[in-house]
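A.B. asks: Okay, here's the structure, questions in a sec.
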Amino acid sequence: MRKIVILASGNGSNAEQIIKYFFYHEFITVAAVFSNKADAFVLKRAEKYGIPHTVFSRDDLYRTNRVQRLLADISPDLIVLAGFLWLIPKDLIGLYPNRIINIHPALLPKYGGKGMYGDRVHKAVIDNREEESGITIHYVNEKYDAGDIIHQEKCRVTAEDTPETLAGKIHKIEHEAYPQIIESVIMGG
């Protein structure tokens, strides 16, 4: 059985879609959910499906290597970021080369980088009068949103769109595409 560990910081709607997609999968399972926020709703979503979950601190990730030790105990085939907002440290990337992926709610390389997440991205897309937006699934490297692109999907941005309506369009694409692309990456496709 191939194992996924999800790192998330917030609500966890993408994480839940991933958990549901792989819940009865023959070859892949979500082994754990890790969060850097004790009050993140993603932890309740993990609990609902009986997925082990762990909360960790900034020190656990960047100084003491607790996160790295916890991951080593699980030995994941893929680490999936789903709304995780901290930069992944270089040593962790080195332990899992091309085995950490992220999803971004825009068509990278536009609208990426530190501080560009959630409605901030959608507002920037609308403010710049872009005609399309979408999602980018990419490998994680030592810079925010700069790893090699695995997959992109587009949607139209209309004059009537608000950050909230655009977010709705993007979430729909994310929830459908992310689990399928994870499956393809983990199975070597």
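Going by the structure tokens order, chains are called A, B, ..., each with residues numbered from 1, while ligands are numbered from 1 in the order shown.
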Check the DSSP output for the backbone and give back, as a compact mmCIF listing (two decimals) with N, CA and C atoms, in the first residue's frame, the residues of chain A in strand (DSSP E or B).
C.D. replies:
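Result saved to out.txt:
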# COMPACT_ATOMS: atom_id res chain seq x y z
N ARG A 2 0.64 2.13 -0.95
CA ARG A 2 1.39 3.39 -1.01
C ARG A 2 0.72 4.41 -0.11
N LYS A 3 1.57 5.20 0.58
CA LYS A 3 1.07 6.08 1.63
C LYS A 3 1.25 7.55 1.29
N ILE A 4 0.21 8.32 1.61
CA ILE A 4 0.21 9.77 1.47
C ILE A 4 0.14 10.37 2.86
N VAL A 5 0.91 11.44 3.08
CA VAL A 5 0.73 12.29 4.25
C VAL A 5 0.33 13.66 3.73
N ILE A 6 -0.73 14.20 4.29
CA ILE A 6 -1.23 15.53 3.91
C ILE A 6 -0.79 16.55 4.95
N LEU A 7 -0.24 17.67 4.49
CA LEU A 7 0.07 18.81 5.34
C LEU A 7 -0.93 19.91 5.01
N ALA A 8 -1.62 20.42 6.04
CA ALA A 8 -2.64 21.44 5.83
C ALA A 8 -2.64 22.42 7.00
N ILE A 28 -3.52 2.82 -2.60
CA ILE A 28 -3.07 4.08 -1.99
C ILE A 28 -3.93 4.41 -0.79
N THR A 29 -3.31 4.90 0.28
CA THR A 29 -4.05 5.32 1.47
C THR A 29 -3.50 6.64 2.00
N VAL A 30 -4.36 7.42 2.63
CA VAL A 30 -3.90 8.60 3.37
C VAL A 30 -3.52 8.10 4.75
N ALA A 31 -2.23 8.12 5.03
CA ALA A 31 -1.71 7.56 6.28
C ALA A 31 -1.83 8.52 7.45
N ALA A 32 -1.79 9.84 7.17
CA ALA A 32 -1.84 10.83 8.25
C ALA A 32 -2.09 12.21 7.69
N VAL A 33 -2.61 13.08 8.56
CA VAL A 33 -2.75 14.50 8.27
C VAL A 33 -1.95 15.24 9.34
N PHE A 34 -1.08 16.13 8.90
CA PHE A 34 -0.28 16.97 9.79
C PHE A 34 -0.75 18.41 9.62
N SER A 35 -0.86 19.14 10.72
CA SER A 35 -1.22 20.54 10.65
C SER A 35 -0.35 21.37 11.59
N HIS A 53 -3.86 12.07 12.98
CA HIS A 53 -3.50 13.45 12.73
C HIS A 53 -2.58 13.98 13.83
N THR A 54 -1.72 14.90 13.43
CA THR A 54 -0.69 15.43 14.32
C THR A 54 -0.62 16.94 14.14
N VAL A 55 -0.44 17.62 15.26
CA VAL A 55 -0.21 19.07 15.23
C VAL A 55 1.27 19.29 15.55
N LEU A 78 4.36 9.85 -0.83
CA LEU A 78 4.10 11.20 -1.32
C LEU A 78 3.61 12.07 -0.17
N ILE A 79 4.14 13.29 -0.11
CA ILE A 79 3.67 14.31 0.83
C ILE A 79 2.88 15.31 0.01
N VAL A 80 1.65 15.56 0.43
CA VAL A 80 0.74 16.41 -0.32
C VAL A 80 0.41 17.64 0.52
N LEU A 81 0.70 18.82 -0.02
CA LEU A 81 0.32 20.05 0.64
C LEU A 81 -1.07 20.42 0.16
N ILE A 100 7.08 15.63 -2.91
CA ILE A 100 6.24 16.60 -2.21
C ILE A 100 5.58 17.45 -3.28
N ILE A 101 4.24 17.50 -3.24
CA ILE A 101 3.52 18.29 -4.24
C ILE A 101 2.58 19.28 -3.55
N ASN A 102 2.21 20.30 -4.29
CA ASN A 102 1.35 21.36 -3.78
C ASN A 102 0.34 21.74 -4.86
N ILE A 103 -0.74 22.35 -4.42
CA ILE A 103 -1.72 22.90 -5.34
C ILE A 103 -1.82 24.40 -5.07
N HIS A 104 -1.91 25.17 -6.16
CA HIS A 104 -2.00 26.63 -6.04
C HIS A 104 -3.23 27.09 -6.81
N GLU A 132 -8.72 34.55 -17.50
CA GLU A 132 -8.77 33.18 -17.02
C GLU A 132 -7.92 33.03 -15.77
N SER A 133 -8.28 32.05 -15.00
CA SER A 133 -7.51 31.64 -13.84
C SER A 133 -7.53 30.12 -13.84
N GLY A 134 -7.27 29.51 -12.71
CA GLY A 134 -7.28 28.05 -12.66
C GLY A 134 -6.46 27.54 -11.51
N ILE A 135 -5.95 26.34 -11.69
CA ILE A 135 -5.13 25.71 -10.65
C ILE A 135 -3.80 25.27 -11.26
N THR A 136 -2.82 25.18 -10.39
CA THR A 136 -1.53 24.61 -10.76
C THR A 136 -1.14 23.60 -9.69
N ILE A 137 -0.85 22.40 -10.11
CA ILE A 137 -0.30 21.37 -9.21
C ILE A 137 1.17 21.25 -9.58
N HIS A 138 2.04 21.35 -8.57
CA HIS A 138 3.47 21.41 -8.86
C HIS A 138 4.28 20.70 -7.77
N TYR A 139 5.49 20.32 -8.15
CA TYR A 139 6.43 19.79 -7.16
C TYR A 139 6.89 20.95 -6.29
N ILE A 149 6.00 22.34 -12.75
CA ILE A 149 4.55 22.18 -12.89
C ILE A 149 4.23 20.76 -13.36
N ILE A 150 3.28 20.15 -12.67
CA ILE A 150 2.79 18.82 -13.01
C ILE A 150 1.53 18.92 -13.87
N HIS A 151 0.63 19.85 -13.49
CA HIS A 151 -0.68 19.92 -14.14
C HIS A 151 -1.30 21.29 -13.92
N GLN A 152 -1.98 21.80 -14.94
CA GLN A 152 -2.75 23.03 -14.82
C GLN A 152 -4.12 22.83 -15.46
N GLU A 153 -5.12 23.48 -14.89
CA GLU A 153 -6.46 23.53 -15.48
C GLU A 153 -6.95 24.95 -15.38
N LYS A 154 -7.71 25.38 -16.38
CA LYS A 154 -8.16 26.76 -16.47
C LYS A 154 -9.66 26.89 -16.29
N CYS A 155 -10.05 28.11 -15.90
CA CYS A 155 -11.46 28.49 -15.89
C CYS A 155 -11.55 29.95 -16.31
N ARG A 156 -12.71 30.33 -16.82
CA ARG A 156 -12.94 31.71 -17.25
C ARG A 156 -13.15 32.61 -16.04
A.B. asks: Based on DSSP run over this structure's backbone, return all residues of stretch 15-189 of chain A in alpha helix (DSSP H), as an NGL selection string.
C.D. replies: :A and (15-22 or 41-48 or 58-62 or 66-74 or 90-95 or 119-127 or 163-186)
A.B. asks: Given the selection you just returned, output its residues as a file containing C-alpha atoms, formatted as a tab-separated table (two decimals), in the first residue's frame.
C.D. replies:
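Output file selection_33.tsv is given in full below:
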chain	number	residue	atom	x	y	z
A	15	ALA	CA	-7.69	17.32	2.19
A	16	GLU	CA	-11.15	15.84	2.70
A	17	GLN	CA	-11.59	15.28	-1.04
A	18	ILE	CA	-8.23	13.50	-1.12
A	19	ILE	CA	-9.15	11.36	1.91
A	20	LYS	CA	-12.50	10.40	0.36
A	21	TYR	CA	-10.93	9.62	-3.03
A	22	PHE	CA	-8.41	7.20	-1.50
A	41	PHE	CA	-10.77	22.34	10.79
A	42	VAL	CA	-8.77	19.89	8.67
A	43	LEU	CA	-8.07	17.96	11.91
A	44	LYS	CA	-11.80	17.41	12.46
A	45	ARG	CA	-12.11	16.24	8.85
A	46	ALA	CA	-9.28	13.73	9.39
A	47	GLU	CA	-10.87	12.54	12.62
A	48	LYS	CA	-14.22	12.00	10.84
A	58	ARG	CA	7.37	25.96	13.75
A	59	ASP	CA	10.23	24.61	15.88
A	60	ASP	CA	9.12	21.04	15.11
A	61	LEU	CA	9.53	21.72	11.40
A	62	TYR	CA	12.51	24.06	11.25
A	66	ARG	CA	10.27	16.38	14.86
A	67	VAL	CA	8.20	16.53	11.66
A	68	GLN	CA	10.97	14.78	9.74
A	69	ARG	CA	11.10	12.02	12.39
A	70	LEU	CA	7.32	11.58	12.35
A	71	LEU	CA	7.39	11.33	8.56
A	72	ALA	CA	10.23	8.80	8.71
A	73	ASP	CA	8.09	6.61	10.99
A	74	ILE	CA	5.31	6.64	8.37
A	90	LYS	CA	15.39	22.35	2.25
A	91	ASP	CA	16.37	19.29	4.32
A	92	LEU	CA	12.83	17.90	4.09
A	93	ILE	CA	12.80	18.44	0.32
A	94	GLY	CA	16.12	16.59	0.19
A	95	LEU	CA	14.64	13.62	2.07
A	119	ASP	CA	-8.72	35.09	-1.65
A	120	ARG	CA	-5.55	37.19	-2.01
A	121	VAL	CA	-4.86	35.30	-5.23
A	122	HIS	CA	-8.42	35.61	-6.51
A	123	LYS	CA	-8.53	39.34	-5.72
A	124	ALA	CA	-5.25	39.91	-7.60
A	125	VAL	CA	-6.52	37.97	-10.62
A	126	ILE	CA	-9.73	40.04	-10.71
A	127	ASP	CA	-7.94	43.36	-10.03
A	163	PRO	CA	-13.01	36.75	-5.11
A	164	GLU	CA	-15.71	34.54	-3.55
A	165	THR	CA	-17.30	33.41	-6.82
A	166	LEU	CA	-13.89	32.81	-8.39
A	167	ALA	CA	-12.87	30.82	-5.31
A	168	GLY	CA	-15.94	28.64	-5.85
A	169	LYS	CA	-14.94	27.91	-9.44
A	170	ILE	CA	-11.37	27.14	-8.37
A	171	HIS	CA	-12.42	24.86	-5.49
A	172	LYS	CA	-14.57	22.82	-7.85
A	173	ILE	CA	-11.58	22.26	-10.16
A	174	GLU	CA	-9.24	21.54	-7.24
A	175	HIS	CA	-11.54	18.98	-5.64
A	176	GLU	CA	-11.87	17.05	-8.88
A	177	ALA	CA	-8.34	17.32	-10.25
A	178	TYR	CA	-6.05	17.12	-7.21
A	179	PRO	CA	-6.89	13.54	-6.12
A	180	GLN	CA	-6.59	12.29	-9.73
A	181	ILE	CA	-3.22	13.95	-10.23
A	182	ILE	CA	-1.99	12.64	-6.86
A	183	GLU	CA	-2.99	9.15	-7.98
A	184	SER	CA	-1.16	9.59	-11.28
A	185	VAL	CA	2.01	10.89	-9.58
A	186	ILE	CA	2.07	8.20	-6.90
A.B. asks: I need the residue nearest A:Lys110 from this list: A:Ala38, A:Leu85, A:Ala146, A:Val140. Use only C-alpha atoms for the distance.
C.D. replies: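 Closest to A:Lys110 of all the choices is A:Ala146.
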A.B. asks: In Å, how far is it from atom CA of A:Glu130 to atom CA of A:Gly113?
C.D. replies: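 Distance reported for this atom pair: 18.0 Å.
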A.B. asks: For A:Asn128, which of A:Ala159, A:Met116, A:Ser13, A:Gly83 is the closest residue, counting only C-alpha atoms?
C.D. replies: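 Checking each of A:Ala159, A:Met116, A:Ser13, A:Gly83 against A:Asn128, counting only C-alpha atoms, the winner is A:Ala159.
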A.B. asks: Which one is closest to A:Pro89: A:Gly50, A:Ala106, A:Lys143, A:Arg129? Count only C-alpha atoms.
C.D. replies: A:Lys143
A.B. asks: Quick one, how far is atom CA of A:Gly12 from atom CA of A:Ala82?
C.D. replies: 7.0 Å
A.B. asks: If you measure from atom CA of A:Phe56 to atom CA of A:Asp148, what distance in Å do you get, rounded to one decimal?
C.D. replies: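 Those two atoms sit 27.2 Å apart.
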A.B. asks: I'd like to know which of A:Asp77, A:Asp145, A:Leu87, A:Glu160 is closest to A:Pro105, using only C-alpha atoms.
C.D. replies: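 Among the listed residues, the smallest separation from A:Pro105 belongs to A:Asp145.
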